[in-house]
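Source file query20.cif; content: mmCIF, C-alpha atoms.
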data_target
#
loop_
_atom_site.label_atom_id
_atom_site.label_comp_id
_atom_site.auth_asym_id
_atom_site.auth_seq_id
_atom_site.Cartn_x
_atom_site.Cartn_y
_atom_site.Cartn_z
CA MET B 26 4.57 23.36 50.48
CA THR B 27 2.18 26.09 49.37
CA THR B 28 0.48 25.36 46.07
CA GLY B 29 0.02 27.81 43.23
CA PRO B 30 2.27 29.78 40.87
CA LEU B 31 5.99 29.93 41.54
CA VAL B 32 6.63 32.64 38.93
CA ALA B 33 4.76 35.60 37.50
CA PRO B 34 2.65 34.43 34.55
CA GLU B 35 4.13 37.03 32.22
CA THR B 36 7.58 35.42 32.60
CA VAL B 37 6.51 32.25 30.75
CA PRO B 38 5.42 31.79 27.11
CA ALA B 39 1.87 32.94 26.34
CA TRP B 40 0.68 29.38 25.70
CA LEU B 41 1.64 28.35 29.25
CA ARG B 42 0.26 31.38 31.11
CA PRO B 43 -3.30 30.08 31.60
CA LEU B 44 -2.00 27.10 33.56
CA VAL B 45 0.27 29.22 35.73
CA LYS B 46 -2.56 31.65 36.44
CA VAL B 47 -5.08 28.96 37.37
CA ALA B 48 -2.68 26.93 39.54
CA GLY B 49 -3.58 28.93 42.61
CA GLU B 50 -7.33 28.62 42.04
CA VAL B 51 -7.73 24.83 41.86
CA ASP B 52 -7.91 22.19 44.56
CA SER B 53 -7.60 18.42 44.52
CA THR B 54 -11.26 17.96 43.54
CA THR B 55 -10.47 19.60 40.19
CA PHE B 56 -8.43 16.52 39.32
CA THR B 57 -9.71 13.58 41.36
CA ARG B 58 -12.64 12.39 43.45
CA PHE B 59 -10.35 10.36 45.70
CA SER B 60 -9.09 11.49 49.10
CA PRO B 61 -7.17 9.44 51.67
CA PRO B 62 -9.31 7.84 54.39
CA ASP B 63 -8.82 9.22 57.89
CA GLY B 64 -5.86 7.62 59.57
CA LEU B 65 -4.39 6.08 56.40
CA LEU B 66 -0.63 6.29 56.25
CA THR B 67 0.28 7.66 52.83
CA ARG B 68 3.60 8.16 51.06
CA ALA B 69 4.66 11.49 49.58
CA ALA B 70 5.60 11.63 45.89
CA ALA B 71 5.90 14.18 43.11
CA VAL B 72 5.80 14.19 39.32
CA LEU B 73 7.32 16.67 36.89
CA ILE B 74 4.94 17.90 34.19
CA LEU B 75 7.54 19.39 31.88
CA PHE B 76 6.24 21.55 29.05
CA GLY B 77 8.55 22.37 26.17
CA GLU B 78 8.14 23.72 22.66
CA ARG B 79 9.37 22.62 19.27
CA ALA B 80 8.55 23.53 15.68
CA GLY B 81 5.22 21.69 15.96
CA GLY B 82 4.18 23.62 19.04
CA PRO B 83 4.10 22.93 22.80
CA ASP B 84 4.73 19.42 24.09
CA VAL B 85 4.99 17.50 27.35
CA LEU B 86 7.54 14.92 28.51
CA LEU B 87 6.22 11.41 29.17
CA ILE B 88 7.84 8.08 29.97
CA ARG B 89 6.71 4.50 29.53
CA ARG B 90 7.54 2.12 32.34
CA ALA B 91 9.40 -1.08 31.54
CA ASP B 92 7.21 -4.12 30.93
CA THR B 93 9.23 -6.12 33.46
CA LEU B 94 8.39 -3.97 36.49
CA GLY B 95 6.44 -5.54 39.33
CA SER B 96 3.95 -2.66 39.45
CA HIS B 97 2.72 -0.22 36.78
CA ALA B 98 4.46 -2.31 34.12
CA GLY B 99 4.18 -0.79 30.65
CA GLN B 100 2.21 2.20 31.83
CA VAL B 101 2.82 5.74 30.60
CA ALA B 102 3.56 8.33 33.27
CA PHE B 103 5.13 11.66 34.03
CA PRO B 104 8.68 11.41 35.39
CA GLY B 105 8.50 11.22 39.15
CA GLY B 106 8.49 9.07 42.23
CA GLY B 107 8.64 8.90 46.00
CA ALA B 108 10.08 11.67 48.13
CA GLU B 109 13.47 11.19 49.74
CA ASP B 110 15.25 12.91 52.59
CA GLY B 111 17.13 15.90 51.24
CA ASP B 112 14.72 16.67 48.40
CA GLY B 113 13.53 19.78 50.19
CA GLY B 114 9.94 19.38 49.01
CA PRO B 115 8.02 18.26 45.93
CA VAL B 116 9.91 20.47 43.48
CA GLY B 117 13.18 18.85 44.52
CA THR B 118 11.63 15.37 44.34
CA ALA B 119 10.20 15.98 40.86
CA LEU B 120 13.47 17.36 39.47
CA ARG B 121 15.60 14.60 41.01
CA GLU B 122 13.35 11.83 39.75
CA ALA B 123 13.14 13.35 36.27
CA GLU B 124 16.90 13.56 36.02
CA GLU B 125 17.30 9.98 37.25
CA GLU B 126 14.70 8.61 34.82
CA THR B 127 15.23 10.70 31.70
CA GLY B 128 18.62 12.39 32.05
CA VAL B 129 17.03 15.83 31.73
CA ASP B 130 19.34 18.66 32.83
CA PRO B 131 17.58 20.41 35.75
CA SER B 132 19.43 23.66 35.07
CA GLY B 133 17.30 24.11 31.94
CA VAL B 134 14.03 23.49 33.77
CA LEU B 135 12.03 26.30 35.40
CA PRO B 136 9.39 25.10 37.90
CA VAL B 137 6.42 27.43 37.39
CA ALA B 138 3.63 26.10 39.62
CA VAL B 139 2.78 23.47 42.20
CA LEU B 140 -0.62 21.78 42.05
CA PRO B 141 -2.48 20.29 45.05
CA GLU B 142 -1.57 16.86 46.40
CA LEU B 143 -3.54 14.09 44.70
CA PHE B 144 -4.27 10.77 46.40
CA VAL B 145 -3.69 7.60 44.36
CA PRO B 146 -5.55 4.77 46.12
CA VAL B 147 -3.80 1.86 44.39
CA SER B 148 -0.34 2.95 45.59
CA ARG B 149 -1.30 5.02 48.67
CA PHE B 150 0.85 7.84 47.35
CA THR B 151 -0.09 11.47 47.75
CA VAL B 152 1.35 12.87 44.54
CA THR B 153 2.20 16.54 44.06
CA PRO B 154 2.32 17.58 40.38
CA VAL B 155 4.97 20.19 39.62
CA LEU B 156 4.44 22.20 36.43
CA ALA B 157 7.63 23.34 34.71
CA HIS B 158 8.81 25.13 31.58
CA TRP B 159 11.66 23.56 29.64
CA ARG B 160 13.52 26.79 28.95
CA MET B 161 16.67 25.10 27.65
CA PRO B 162 15.87 21.62 26.38
CA SER B 163 18.49 18.94 26.85
CA PRO B 164 18.75 15.44 25.38
CA VAL B 165 16.60 12.86 27.18
CA ARG B 166 16.62 9.07 27.13
CA ALA B 167 15.60 6.04 29.14
CA VAL B 168 18.43 6.09 31.68
CA ASP B 169 17.70 2.65 33.17
CA LEU B 170 16.01 0.28 30.73
CA ALA B 171 15.10 -2.01 33.62
CA GLU B 172 12.73 0.72 34.82
CA THR B 173 11.95 2.90 31.80
CA ALA B 174 11.27 1.65 28.28
CA THR B 175 10.65 4.95 26.49
CA VAL B 176 11.03 8.70 26.96
CA ALA B 177 9.07 10.89 24.56
CA ARG B 178 8.07 14.49 23.97
CA VAL B 179 4.39 14.34 23.02
CA ALA B 180 2.78 17.32 21.28
CA LEU B 181 -0.16 18.88 23.12
CA ALA B 182 -1.94 19.22 19.77
CA ASP B 183 -1.76 15.46 19.32
CA LEU B 184 -3.07 14.84 22.83
CA ALA B 185 -5.95 17.22 22.14
CA ASP B 186 -6.76 15.63 18.77
CA PRO B 187 -10.21 14.00 19.15
CA ALA B 188 -9.03 11.08 17.01
CA ASN B 189 -6.57 10.14 19.77
CA ARG B 190 -9.01 10.36 22.69
CA PHE B 191 -11.57 8.01 24.22
CA GLN B 192 -12.57 6.63 27.61
CA VAL B 193 -11.71 3.26 29.17
CA ARG B 194 -13.52 1.21 31.78
CA ARG B 195 -12.87 -1.85 33.84
CA PRO B 196 -15.68 -4.38 33.29
CA GLY B 197 -17.45 -5.30 36.51
CA THR B 198 -16.59 -2.00 38.20
CA SER B 199 -17.95 1.53 38.12
CA TRP B 200 -14.56 2.99 37.18
CA LYS B 201 -13.98 4.71 33.88
CA GLY B 202 -11.59 7.45 32.85
CA PRO B 203 -10.01 9.26 29.90
CA ALA B 204 -7.37 7.66 27.73
CA PHE B 205 -5.09 8.62 24.86
CA ASP B 206 -3.57 6.54 22.07
CA VAL B 207 -0.97 8.92 20.72
CA ASP B 208 2.58 8.86 19.37
CA GLY B 209 2.77 5.10 19.92
CA MET B 210 1.82 5.43 23.58
CA PHE B 211 -1.31 4.23 25.38
CA VAL B 212 -2.04 6.61 28.24
CA TRP B 213 -4.68 5.92 30.91
CA GLY B 214 -5.23 6.07 34.67
CA PHE B 215 -3.74 8.81 36.84
CA THR B 216 -1.60 10.28 34.04
CA ALA B 217 -4.44 10.44 31.51
CA GLY B 218 -6.80 11.97 34.05
CA LEU B 219 -4.30 14.67 34.91
CA LEU B 220 -3.52 15.36 31.26
CA SER B 221 -7.20 15.62 30.43
CA VAL B 222 -7.79 18.29 33.08
CA LEU B 223 -4.64 20.20 32.12
CA LEU B 224 -5.68 20.30 28.47
CA SER B 225 -8.95 21.88 29.56
CA LEU B 226 -7.40 24.36 32.02
CA GLY B 227 -4.71 25.34 29.53
CA GLY B 228 -7.21 26.09 26.79
CA TRP B 229 -5.96 23.33 24.46
CA GLU B 230 -8.92 20.95 24.66
CA ARG B 231 -11.00 20.23 21.56
CA GLU B 232 -14.42 18.65 21.60
CA TRP B 233 -14.09 14.87 21.67
CA ASP B 234 -16.39 11.84 21.84
CA LEU B 235 -17.11 11.14 25.53
CA GLY B 236 -19.38 8.33 24.40
CA ASP B 237 -16.49 6.33 22.95
CA ILE B 238 -15.97 4.01 25.95
CA ARG B 239 -13.77 0.93 25.54
CA ASP B 240 -12.87 -1.97 27.81
CA LEU B 241 -9.39 -1.21 29.18
CA ASP B 242 -7.84 -4.63 28.63
CA VAL B 243 -9.14 -4.86 25.07
CA ALA B 244 -8.02 -1.35 24.12
CA TRP B 245 -4.56 -1.89 25.60
CA ALA B 246 -4.15 -5.27 23.87
CA GLU B 247 -5.19 -3.77 20.53
CA HIS B 248 -2.68 -0.95 20.98
CA ARG B 249 0.16 -3.36 21.71
CA ALA B 250 -0.76 -5.50 18.71
CA ARG B 251 -0.65 -2.47 16.42
CA HIS B 252 2.76 -1.40 17.68
CA ALA B 253 4.45 -4.79 17.95
CA ALA B 254 7.67 -5.02 15.94
CA PRO B 255 8.36 -8.09 13.76
CA GLY B 256 10.87 -9.40 16.27
CA GLY B 257 8.37 -9.27 19.09
CA ALA B 258 9.56 -6.07 20.74
CA ASP B 259 7.32 -3.03 20.85
CA GLU B 260 8.19 -0.37 18.31
CA GLU B 261 7.77 2.29 20.97
CA GLY B 262 10.38 0.57 23.10
CA ARG B 263 12.95 1.01 20.35
CA ARG B 264 12.54 4.74 19.84
#
Give the structure from this file in structure tokens form.
Amino acid sequence: MTTGPLVAPETVPAWLRPLVKVAGEVDSTTFTRFSPPDGLLTRAAAVLILFGERAGGPDVLLIRRADTLGSHAGQVAFPGGGAEDGDGGPVGTALREAEEETGVDPSGVLPVAVLPELFVPVSRFTVTPVLAHWRMPSPVRAVDLAETATVARVALADLADPANRFQVRRPGTSWKGPAFDVDGMFVWGFTAGLLSVLLSLGGWEREWDLGDIRDLDVAWAEHRARHAAPGGADEEGRR
């Protein structure tokens, strides 16, 4: 599928127009340094980056995976998943997966742009991010608690708040990347990297401390300890 805007920028709210305009000017290197090795068999996937707006300003829909999953347990992500026959492309995949995971009504969602495929080495997925405007918001929830613990609308202003941003690293490796501790959610990895770039491209980014680099396992453990409920369940899992 061709990447870039799907609608004229003037048809979306002013706060979303910069992203729609720039969608046709970026390539995969804007978001990641990874590319699939020659000959590697990859799997197609798509995520829905759904922007809405409430009294506090624009927000984005995120989910937290169930802690019991075999892979990506407890991680925060955009709704999405692997492509299936009949999806008709990444937009169809993103909308189907979002409805299955969060119960969002696709009729109220306007896809506005398709970003380049991004390779995720750990899963061998090539993920296509689909930007969308939530024109008519509908109730959302964790449809299957065995897969999804939490569904949340997170304000872009909170994501851009320097107090909620830092970097994480894996000791013993050269990897480090952006992270967010916001609205009871600890966001890192692919999702945090994509959010970080989108905040910049959309004009929402505020100056933050790039020198605040924390060990991933320690930062995640501290987050979970802060948000643990008295009964042992995470507070964020009960929202």
- Message: Between B:Ala80, B:Arg194, B:Ala108, B:Leu184, which residue has the minimum interatomic distance to B:Ser225, considering all atoms listed in the file?
- Response: B:Leu184
- Any idea what the distance is between atom CA of B:Phe215 and atom CA of B:Thr127?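 We find that atom CA of B:Phe215 and atom CA of B:Thr127 lie 19.7 Å from each other.
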- Message: Residues within 12 Å of B:Arg195, please, as a ChimeraX atom specification. Count all atoms listed in the file; anything in the same chain fewer than 2 positions from it doesn't count.
- Response: /B:192-193,197-202,213-214,238-245
- Query: atom CA of B:Val51 and atom CA of B:Leu140 are how many Å apart?
  - Reply: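 Atom CA of B:Val51 sits 7.7 Å away from atom CA of B:Leu140.
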- Residues near B:Pro146, cut-off 10 Å, all atoms listed in the file, skip fewer than 6 positions along chain, as a list in words: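 Returned residues: Phe59, Ser60, Pro61, Pro62 and Thr67 of chain B.
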- Kindly give the distance, in Å, that separates atom CA of B:Gly133 and atom CA of B:Asp183, rounded to a single decimal.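 Here the two named atoms are 24.4 Å from each other.
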